[in-house]
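Peer 1: Take this structure, written in structure tokens, and hold onto it; I'll ask about it next.
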Amino acid sequence: MDKITIGDPGDRSYPFRRDLFEDPCVLYHGSWSTWSSQIEATGFRQGDFPFDWECVKTVCNRNRTIGRGSFLAAFLDKQRNLFFASNFWLARAYATDGGGEIVRKAIEEAETFERICSVPAERNKLVEYLRATSQQAAISVLTDDEGLSRIRTEVKAAKHALMSLTVGGHPVVYAVAVEPNWFGDWAHYMSYLEFGMRLDLQCQHDVAPKRILAKADYPNNTDREFLPTWCRTWDDVAALGSDPPSI
């Protein structure tokens, strides 16, 4: 596996070899450096996540208890799929999530929960909304100081457990050799790529460590927003050193 360290967070370049860029069977996965040892030892496996789902469930359920929705509900009690990006820069954007989208959202929702519990104005605002929407059960939770303090402690513990897994980490992007029959309609995917579309491809097969061809480390972080759809040829990649063309 080629290993490349990119110290400049503003570096927009494609870091790997030309043959990887031009190979349609090389896809990308954005991750977090604290997961790297596990990924490089065992590869990418279906449903294998390096955090405790109970922490995510706690944050989700406690937010629902006080009448708030939760983004996390979409991931609980469902098949947890493995995805790869067709575009290096899309994978790089995912890598900035600080441990992954689920971990990031769980931490954000936990912090919102804690703020509502500790700031009277925030709590009163939510209670007013719940009264207007006749959510008496949630109002009962929010107006029970002792009970709210107890579940706040649970949410805080779940948040810290997730945060501890990501401390000191940084974005990582892997280039991975895949097989077309690991996905759904590969020809359909490829037809989209011809138009420069960014895709998340659901992989239906475990990926062995030997399939990981290259790794880009961004120890000083990187730009989440730079996702060039127009990079379809190696000449396009070379043009990243200047301003991207208007499209």
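Residue numbers start at 1 in each chain; chains themselves are named A, B, ... in the order of the structure tokens; ligands are numbered from 1 in the order shown.
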Which residues of range 42-114 of chain A come within 12 Å of range 179-184 of chain A, and what is each one's closest atom pair and distance in Å (one decimal), counting only C-alpha atoms, sorted by chain and residue number, as a tab-separated table?

Peer 2:
```
residue	atom	partner	partner_atom	distance
A:Gln46	CA	A:Trp182	CA	11.9
A:Asn81	CA	A:Phe183	CA	11.6
A:Leu82	CA	A:Phe183	CA	10.5
A:Phe83	CA	A:Phe183	CA	9.8
A:Phe84	CA	A:Phe183	CA	10.2
```

Peer 1: Which residue is closest to Asp235 in chain A? Choose from A:Arg104, A:Phe49, A:Gly169, A:Tyr14 and count only C-alpha atoms.

Peer 2: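 The answer is A:Tyr14, which sits nearest to Asp235 in chain A.
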
Peer 1: One number please: CA of Asp223 in chain A to CA of Tyr94 in chain A, in Å, one decimal.

Peer 2: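 Separation of CA of Asp223 in chain A and CA of Tyr94 in chain A: 10.5 Å.
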
Peer 1: Pick out the closest residue to Tyr129 in chain A from this set: A:Ile4, A:Leu199, A:Ala238, A:Ile66. Count only C-alpha atoms.

Peer 2: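 Counting only C-alpha atoms, the residue closest to Tyr129 in chain A is A:Ile66.
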
Peer 1: Hey, could you make a per-residue contact list for range 41-104 of chain A against range 138-150 of chain A with 10 Å as the cut-off, showing the nearest pair of atoms and its distance in Å to one decimal, counting only C-alpha atoms, sorted by chain and number, as a Markdown table?

Peer 2:
```
| residue | atom | partner | partner_atom | distance |
| --- | --- | --- | --- | --- |
| A:Arg62 | CA | A:Leu148 | CA | 9.7 |
| A:Asn63 | CA | A:Ala138 | CA | 9.7 |
| A:Arg64 | CA | A:Ala138 | CA | 8.2 |
| A:Thr65 | CA | A:Ala138 | CA | 5.8 |
| A:Ile66 | CA | A:Ala138 | CA | 4.5 |
| A:Gly67 | CA | A:Ala138 | CA | 5.3 |
| A:Arg68 | CA | A:Ala138 | CA | 8.8 |
```

Peer 1: So how many Å separate CA of Cys25 in chain A and CA of Asp217 in chain A, to one decimal?

Peer 2: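 Pair CA of Cys25 in chain A / CA of Asp217 in chain A returns 21.7 Å.
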
Peer 1: Quick one: residues within 10 Å of Lys210 in chain A, only C-alpha atoms, excluding same-chain residues fewer than 4 positions away - as number ranges by chain?

Peer 2: A: 1, 40-43, 176-177

Peer 1: Could you find all residues in range 10-232 of chain A that DSSP calls strand (DSSP E) from the backbone, and write them as a ChimeraX atom specification?

Peer 2: /A:26-32,82-85,171-177,200-203,212-217
